[in-house]
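**Q** File data.cif below, mmCIF, C-alpha atoms:
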data_data
loop_
_atom_site.group_PDB
_atom_site.id
_atom_site.type_symbol
_atom_site.label_atom_id
_atom_site.label_comp_id
_atom_site.auth_asym_id
_atom_site.auth_seq_id
_atom_site.Cartn_x
_atom_site.Cartn_y
_atom_site.Cartn_z
ATOM 1 C CA MET P 1 0.000 0.000 0.000
ATOM 2 C CA ASP P 2 1.513 3.352 -0.886
ATOM 3 C CA LYS P 3 1.259 6.391 1.370
ATOM 4 C CA ASN P 4 -1.255 8.021 -0.985
ATOM 5 C CA ASP P 5 -3.818 5.474 0.106
ATOM 6 C CA GLN P 6 -6.083 6.265 3.005
ATOM 7 C CA ILE P 7 -5.959 2.929 4.862
ATOM 8 C CA SER P 8 -3.173 2.018 7.300
ATOM 9 C CA ALA P 9 -1.512 -1.413 7.283
ATOM 10 C CA LYS P 10 -3.256 -2.289 10.568
ATOM 11 C CA GLU P 11 -6.653 -1.243 9.223
ATOM 12 C CA LEU P 12 -6.102 -3.295 6.076
ATOM 13 C CA GLN P 13 -5.219 -6.316 8.200
ATOM 14 C CA VAL P 14 -8.523 -5.997 10.099
ATOM 15 C CA ILE P 15 -10.572 -5.464 6.904
ATOM 16 C CA LEU P 16 -9.034 -8.530 5.233
ATOM 17 C CA ARG P 17 -9.522 -10.650 8.361
ATOM 18 C CA GLU P 18 -13.211 -9.736 8.440
ATOM 19 C CA LEU P 19 -13.622 -10.484 4.730
ATOM 20 C CA ARG P 20 -11.797 -13.815 5.141
ATOM 21 C CA ASN P 21 -14.150 -14.726 7.979
ATOM 22 C CA VAL P 22 -17.216 -14.058 5.793
ATOM 23 C CA LEU P 23 -15.779 -15.938 2.796
ATOM 24 C CA GLU P 24 -14.705 -18.958 4.838
ATOM 25 C CA ARG P 25 -18.201 -19.180 6.349
ATOM 26 C CA GLN P 26 -19.571 -19.092 2.785
ATOM 27 C CA VAL P 27 -21.994 -16.269 3.526
ATOM 28 C CA GLU P 28 -24.204 -15.687 0.499
ATOM 29 C CA GLY P 29 -23.734 -12.610 -1.664
ATOM 30 C CA ASP P 30 -21.162 -10.316 -3.195
ATOM 31 C CA VAL P 31 -18.677 -7.776 -1.847
ATOM 32 C CA VAL P 32 -19.274 -4.014 -2.023
ATOM 33 C CA GLU P 33 -16.989 -1.078 -1.312
ATOM 34 C CA LEU P 34 -18.476 2.400 -1.111
ATOM 35 C CA GLY P 35 -15.589 4.820 -1.392
ATOM 36 C CA CYS P 36 -12.762 3.068 -3.232
ATOM 37 C CA TYR P 37 -10.525 6.116 -3.885
ATOM 38 C CA LYS P 38 -7.591 4.849 -6.010
ATOM 39 C CA GLY P 39 -8.452 1.177 -5.553
ATOM 40 C CA ALA P 40 -5.541 -0.047 -3.410
ATOM 41 C CA THR P 41 -7.807 -1.614 -0.766
ATOM 42 C CA SER P 42 -10.109 -2.918 -3.500
ATOM 43 C CA VAL P 43 -7.228 -4.828 -5.103
ATOM 44 C CA GLU P 44 -6.348 -6.460 -1.761
ATOM 45 C CA LEU P 45 -10.003 -7.441 -1.233
ATOM 46 C CA GLN P 46 -10.143 -8.933 -4.745
ATOM 47 C CA LYS P 47 -6.998 -11.018 -4.153
ATOM 48 C CA LEU P 48 -8.727 -12.660 -1.204
ATOM 49 C CA ILE P 49 -12.026 -13.074 -3.074
ATOM 50 C CA THR P 50 -10.208 -14.694 -6.027
ATOM 51 C CA LYS P 51 -8.406 -17.087 -3.688
ATOM 52 C CA LEU P 52 -11.301 -18.110 -1.425
ATOM 53 C CA ALA P 53 -14.543 -17.439 -3.342
ATOM 54 C CA PRO P 54 -13.824 -16.859 -7.049
ATOM 55 C CA THR P 55 -17.510 -16.894 -8.026
ATOM 56 C CA LYS P 56 -18.240 -13.782 -5.944
ATOM 57 C CA ARG P 57 -18.128 -10.341 -7.579
ATOM 58 C CA GLN P 58 -16.815 -7.116 -6.170
ATOM 59 C CA TYR P 59 -18.757 -3.870 -6.683
ATOM 60 C CA LEU P 60 -16.996 -0.525 -6.242
ATOM 61 C CA TYR P 61 -18.693 2.861 -5.892
ATOM 62 C CA ASP P 62 -17.066 6.271 -5.837
ATOM 63 C CA SER P 63 -17.782 9.783 -7.091
ATOM 64 C CA PHE P 64 -14.186 9.989 -8.412
ATOM 65 C CA ALA P 65 -14.732 13.721 -7.889
ATOM 66 C CA GLY P 66 -13.329 13.840 -4.364
ATOM 67 C CA LEU P 67 -15.237 14.412 -1.174
ATOM 68 C CA PRO P 68 -18.774 15.851 -1.200
ATOM 69 C CA PRO P 69 -19.499 19.088 0.682
ATOM 70 C CA LYS P 70 -19.149 18.830 4.469
ATOM 71 C CA SER P 71 -22.184 18.895 6.742
ATOM 72 C CA GLN P 72 -22.317 20.326 10.256
ATOM 73 C CA GLN P 73 -21.848 16.794 11.669
ATOM 74 C CA ASP P 74 -18.433 16.592 9.976
ATOM 75 C CA ASN P 75 -16.889 19.719 11.468
ATOM 76 C CA SER P 76 -13.773 19.123 13.555
ATOM 77 C CA PRO P 77 -10.714 21.284 14.249
ATOM 78 C CA ALA P 78 -8.616 18.182 13.523
ATOM 79 C CA GLY P 79 -10.200 17.715 10.080
ATOM 80 C CA GLU P 80 -9.803 21.099 8.411
ATOM 81 C CA GLN P 81 -7.908 19.509 5.500
ATOM 82 C CA PHE P 82 -10.951 17.411 4.556
ATOM 83 C CA ARG P 83 -13.108 19.613 2.306
ATOM 84 C CA GLY P 84 -15.460 19.074 -0.585
ATOM 85 C CA GLY P 85 -13.452 18.220 -3.693
ATOM 86 C CA GLU P 86 -10.411 16.885 -1.780
ATOM 87 C CA LEU P 87 -9.102 13.374 -2.600
ATOM 88 C CA PRO P 88 -10.194 13.052 -6.239
ATOM 89 C CA ALA P 89 -9.248 9.864 -8.088
ATOM 90 C CA SER P 90 -10.201 8.267 -11.405
ATOM 91 C CA LYS P 91 -12.121 5.192 -12.462
ATOM 92 C CA ALA P 92 -9.396 4.479 -15.066
ATOM 93 C CA GLU P 93 -6.746 4.405 -12.339
ATOM 94 C CA VAL P 94 -8.746 1.838 -10.362
ATOM 95 C CA ILE P 95 -9.229 -0.393 -13.436
ATOM 96 C CA ARG P 96 -5.516 -0.081 -14.253
ATOM 97 C CA LYS P 97 -4.575 -1.299 -10.755
ATOM 98 C CA PHE P 98 -6.713 -4.422 -11.210
ATOM 99 C CA ARG P 99 -5.235 -5.110 -14.651
ATOM 100 C CA GLN P 100 -1.669 -4.670 -13.343
ATOM 101 C CA ALA P 101 -2.434 -7.160 -10.562
ATOM 102 C CA ASN P 102 -3.954 -9.565 -13.132
ATOM 103 C CA LEU P 103 -7.221 -9.758 -11.200
ATOM 104 C CA PRO P 104 -10.842 -10.048 -12.356
ATOM 105 C CA LEU P 105 -12.289 -6.579 -12.922
ATOM 106 C CA PRO P 106 -14.895 -5.398 -10.425
ATOM 107 C CA VAL P 107 -18.122 -3.680 -11.328
ATOM 108 C CA VAL P 108 -17.254 0.023 -10.931
ATOM 109 C CA LYS P 109 -19.986 2.638 -10.658
ATOM 110 C CA LYS P 110 -19.218 6.356 -10.694
ATOM 111 C CA SER P 111 -21.792 8.144 -8.567
ATOM 112 C CA TRP P 112 -22.395 10.125 -5.408
ATOM 113 C CA PHE P 113 -23.731 7.679 -2.824
ATOM 114 C CA SER P 114 -26.888 9.751 -2.387
ATOM 115 C CA GLU P 115 -27.720 9.126 -6.069
ATOM 116 C CA LEU P 116 -27.331 5.333 -5.974
ATOM 117 C CA THR P 117 -30.475 3.212 -5.985
ATOM 118 C CA SER P 118 -31.244 -0.426 -5.276
ATOM 119 C CA GLU P 119 -30.766 -1.065 -9.016
ATOM 120 C CA ASP P 120 -27.068 -0.249 -8.647
ATOM 121 C CA ILE P 121 -26.190 -2.840 -6.035
ATOM 122 C CA PRO P 122 -26.132 -6.653 -5.926
ATOM 123 C CA ARG P 123 -29.228 -8.460 -4.653
ATOM 124 C CA ARG P 124 -27.271 -10.109 -1.826
ATOM 125 C CA ILE P 125 -24.263 -8.670 0.025
ATOM 126 C CA CYS P 126 -21.945 -10.709 2.244
ATOM 127 C CA PHE P 127 -19.399 -7.989 3.019
ATOM 128 C CA ALA P 128 -19.395 -4.203 2.774
ATOM 129 C CA PHE P 129 -16.533 -1.779 3.327
ATOM 130 C CA LEU P 130 -17.782 1.778 3.763
ATOM 131 C CA ASP P 131 -15.163 4.479 3.328
ATOM 132 C CA GLY P 132 -17.246 7.585 2.737
ATOM 133 C CA ASP P 133 -15.433 9.803 5.285
ATOM 134 C CA PHE P 134 -18.419 12.072 5.962
ATOM 135 C CA TYR P 135 -21.695 11.731 7.872
ATOM 136 C CA GLY P 136 -23.998 11.891 4.832
ATOM 137 C CA SER P 137 -21.937 9.420 2.823
ATOM 138 C CA ILE P 138 -21.888 6.810 5.602
ATOM 139 C CA LYS P 139 -25.590 7.305 6.310
ATOM 140 C CA ASP P 140 -26.458 6.965 2.601
ATOM 141 C CA SER P 141 -24.265 3.852 2.318
ATOM 142 C CA LEU P 142 -25.860 2.100 5.293
ATOM 143 C CA LYS P 143 -29.367 2.907 4.043
ATOM 144 C CA LEU P 144 -28.527 1.559 0.589
ATOM 145 C CA ILE P 145 -26.954 -1.778 1.580
ATOM 146 C CA TRP P 146 -28.913 -2.711 4.703
ATOM 147 C CA PRO P 147 -31.894 -4.428 2.983
ATOM 148 C CA TYR P 148 -29.537 -6.616 0.911
ATOM 149 C CA LEU P 149 -27.260 -7.948 3.638
ATOM 150 C CA SER P 150 -27.228 -11.725 3.898
ATOM 151 C CA MET P 151 -27.503 -13.585 7.184
ATOM 152 C CA GLY P 152 -23.971 -13.554 8.593
ATOM 153 C CA ALA P 153 -22.828 -10.501 6.617
ATOM 154 C CA THR P 154 -20.300 -8.007 7.979
ATOM 155 C CA ILE P 155 -19.969 -4.252 7.448
ATOM 156 C CA VAL P 156 -16.693 -2.454 8.142
ATOM 157 C CA VAL P 157 -16.825 1.348 8.385
ATOM 158 C CA ASP P 158 -13.597 3.322 8.053
ATOM 159 C CA ASP P 159 -12.783 6.353 10.230
ATOM 160 C CA TYR P 160 -15.148 5.408 13.064
ATOM 161 C CA GLN P 161 -12.642 6.637 15.636
ATOM 162 C CA ASN P 162 -10.963 9.320 13.541
ATOM 163 C CA GLU P 163 -11.239 12.681 15.309
ATOM 164 C CA ALA P 164 -10.670 14.443 11.978
ATOM 165 C CA LEU P 165 -13.800 12.788 10.527
ATOM 166 C CA PRO P 166 -16.375 12.706 13.350
ATOM 167 C CA GLY P 167 -19.325 12.347 10.976
ATOM 168 C CA ALA P 168 -18.557 8.674 10.317
ATOM 169 C CA GLN P 169 -19.070 7.753 13.982
ATOM 170 C CA LYS P 170 -22.147 9.969 14.300
ATOM 171 C CA ALA P 171 -23.767 8.278 11.292
ATOM 172 C CA VAL P 172 -23.014 4.750 12.570
ATOM 173 C CA ASP P 173 -24.173 5.483 16.129
ATOM 174 C CA GLU P 174 -27.421 7.026 14.875
ATOM 175 C CA TRP P 175 -28.011 4.084 12.541
ATOM 176 C CA LEU P 176 -27.491 1.533 15.295
ATOM 177 C CA LYS P 177 -30.173 3.152 17.456
ATOM 178 C CA SER P 178 -32.839 1.969 15.021
ATOM 179 C CA HIS P 179 -31.252 -1.172 13.510
ATOM 180 C CA GLN P 180 -30.420 -4.512 15.109
ATOM 181 C CA ALA P 181 -26.662 -5.081 14.944
ATOM 182 C CA SER P 182 -23.581 -5.568 17.090
ATOM 183 C CA LEU P 183 -20.674 -3.116 17.024
ATOM 184 C CA LYS P 184 -17.013 -3.821 17.657
ATOM 185 C CA VAL P 185 -14.312 -1.153 17.233
ATOM 186 C CA GLU P 186 -10.770 -2.026 16.213
ATOM 187 C CA ALA P 187 -7.982 0.061 14.652
ATOM 188 C CA SER P 188 -10.413 3.005 14.313
ATOM 189 C CA LEU P 189 -12.780 0.813 12.248
ATOM 190 C CA ALA P 190 -16.379 -0.019 13.155
ATOM 191 C CA ILE P 191 -17.164 -3.702 12.587
ATOM 192 C CA ILE P 192 -20.927 -4.128 12.349
ATOM 193 C CA ARG P 193 -22.777 -7.443 12.275
ATOM 194 C CA PRO P 194 -26.546 -7.408 11.780
ATOM 195 C CA THR P 195 -28.271 -9.554 14.419
#
If you took the structure in this file and wrote it as structure tokens, what would it be?
**A**
Amino acid sequence: MDKNDQISAKELQVILRELRNVLERQVEGDVVELGCYKGATSVELQKLITKLAPTKRQYLYDSFAGLPPKSQQDNSPAGEQFRGGELPASKAEVIRKFRQANLPLPVVKKSWFSELTSEDIPRRICFAFLDGDFYGSIKDSLKLIWPYLSMGATIVVDDYQNEALPGAQKAVDEWLKSHQASLKVEASLAIIRPT
């Protein structure tokens, strides 16, 4: 992972462990990542999918236009560098990374999360990695995937304990008040299992 990617080595280790757990238990459904940036984490997820469950597909979603505008829930003195338009990437760069790694290409959809509909996602989801950074993006992601999670599915949310991005935790905590799921926090990630 190069330093331009937003996931630390420890976080990646946790994400891959959780995906491995789902794949080894043969939970039904595909893998989704909302917020793939330049695709470095996506490539690592695909390596594991190809090895353990090659019939599963990976679906990636990103605006490729950088971050959306901040809401009030996202304001933090520690996060001044995170503004609308920061962290742009390109769909072509993501596809290139997969080709260079000689991996099956994922389904890649360019869109703001708020504009995605049920038509854009797989019918069953076994694992979801949500890396939307901001309150609205995490809230939109949870709302979108929740009805399609299989029994035994796992959701991992990035930046849950990142003081620079407080909206991620606010969105998850709000969501959990009205949805049945367990929460475990590790390496600043929220690991959510519907119950």
**Q** Which is closest to Ala128 in chain P among P:Glu174, P:Glu18, P:Glu33, P:Glu24, if we use only C-alpha atoms?
**A**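 Using only C-alpha atoms, the shortest distance to Ala128 in chain P belongs to P:Glu33.
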**Q** Out of P:Leu103, P:Val94, P:Ala53, P:Val185, which residue has the shortest atom-to-atom distance to Val27 in chain P when counting all atoms listed in the file?
**A**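 Nearest to Val27 in chain P: P:Ala53.
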**Q** Nearest to Cys126 in chain P among P:Met151, P:Ile138, P:Ala168, P:Val14, with distances taken over only C-alpha atoms: which residue is it?
**A**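 Result for the nearest residue to Cys126 in chain P: P:Met151.
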**Q** Could you state the separation of CA of Ser150 in chain P and CA of Gln58 in chain P in Å, given to one decimal place?
**A** 15.2 Å
**Q** With 6 Å on each side, where is the centre of the axis-aligned box around all listed atoms of range 121-138 of chain P, and how long are its edges in Å to one decimal, as AutoDock Vina command-line options?
**A**
--center_x -22.2 --center_y 0.7 --center_z 0.9 --size_x 26.1 --size_y 34.8 --size_z 25.9
**Q** What lies within 6 Å of Phe129 in chain P using only C-alpha atoms, ignoring chain neighbours under 4 positions off, as a list in words?
**A**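 Non-adjacent residues within range: Glu33, Ile155, Val156 and Val157 of chain P.
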**Q** Keeping C-alpha atoms, export the residues of the selection given above as a CSV table (one decimal), in the coordinates of the input.
**A**
chain,number,residue,atom,x,y,z
P,33,GLU,CA,-17.0,-1.1,-1.3
P,155,ILE,CA,-20.0,-4.3,7.4
P,156,VAL,CA,-16.7,-2.5,8.1
P,157,VAL,CA,-16.8,1.3,8.4
**Q** Looking at all atoms listed in the file, which of P:Gly136, P:Pro194, P:Gly152, P:Pro104 is the one that sits closest to Arg25 in chain P?
**A**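 The answer is P:Gly152, which sits nearest to Arg25 in chain P.
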**Q** Starting from the shown file, work through the PyMOL selection byres ((chain P and resi 139) around 12) and note down what comes out as an MDAnalysis selection string.
**A** chainID P and resid 34 73 113:114 130:138 140:146 157 167:176
**Q** Which residue is closest to His179 in chain P? Choose from P:Val107, P:Leu45, P:Ile192, P:Val32 and count all atoms listed in the file.
**A**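 Looking only at the distances to His179 in chain P, the closest residue turns out to be P:Ile192.
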**Q** Using only C-alpha atoms, which residues sit within 12 Å of Thr50 in chain P once same-chain residues fewer than 4 positions away are excluded, as a PyMOL selection string?
**A** chain P and resi 20+23+31+43-46+54-58+101-106
**Q** I'd like the interatomic distance between CA of Lys184 in chain P and CA of Tyr160 in chain P, to a tenth of an Å.
**A**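 One can read the CA of Lys184 in chain P to CA of Tyr160 in chain P distance as 10.5 Å.
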**Q** Calculate how many Å separate CA of Cys36 in chain P from CA of Leu165 in chain P, rounding to one decimal.
**A** 16.9 Å
**Q** Run the PyMOL selection byres ((chain P and resi 124) around 7) on the file and write out the hits as an mmCIF file with C-alpha atoms, in the frame of the given file.
**A**
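result31.cif, freshly written:
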data_model
loop_
_atom_site.group_PDB
_atom_site.id
_atom_site.type_symbol
_atom_site.label_atom_id
_atom_site.label_comp_id
_atom_site.auth_asym_id
_atom_site.auth_seq_id
_atom_site.Cartn_x
_atom_site.Cartn_y
_atom_site.Cartn_z
ATOM 1 C CA GLU P 28 -24.204 -15.687 0.499
ATOM 2 C CA GLY P 29 -23.734 -12.610 -1.664
ATOM 3 C CA ASP P 30 -21.162 -10.316 -3.195
ATOM 4 C CA PRO P 122 -26.132 -6.653 -5.926
ATOM 5 C CA ARG P 123 -29.228 -8.460 -4.653
ATOM 6 C CA ILE P 125 -24.263 -8.670 0.025
ATOM 7 C CA CYS P 126 -21.945 -10.709 2.244
ATOM 8 C CA TYR P 148 -29.537 -6.616 0.911
ATOM 9 C CA LEU P 149 -27.260 -7.948 3.638
ATOM 10 C CA SER P 150 -27.228 -11.725 3.898
#
**Q** So, counting all atoms listed in the file, which residue among P:Asp159, P:Leu52, P:Gly35, P:Lys97 is closest to Lys109 in chain P?
**A**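 With all atoms listed in the file as the atom set, the closest residue is P:Gly35.
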**Q** Translate the PyMOL selection byres ((chain P and resi 112) around 9), as applied to the file shown, into an explicit residue set as a count of residues only.
**A** 13
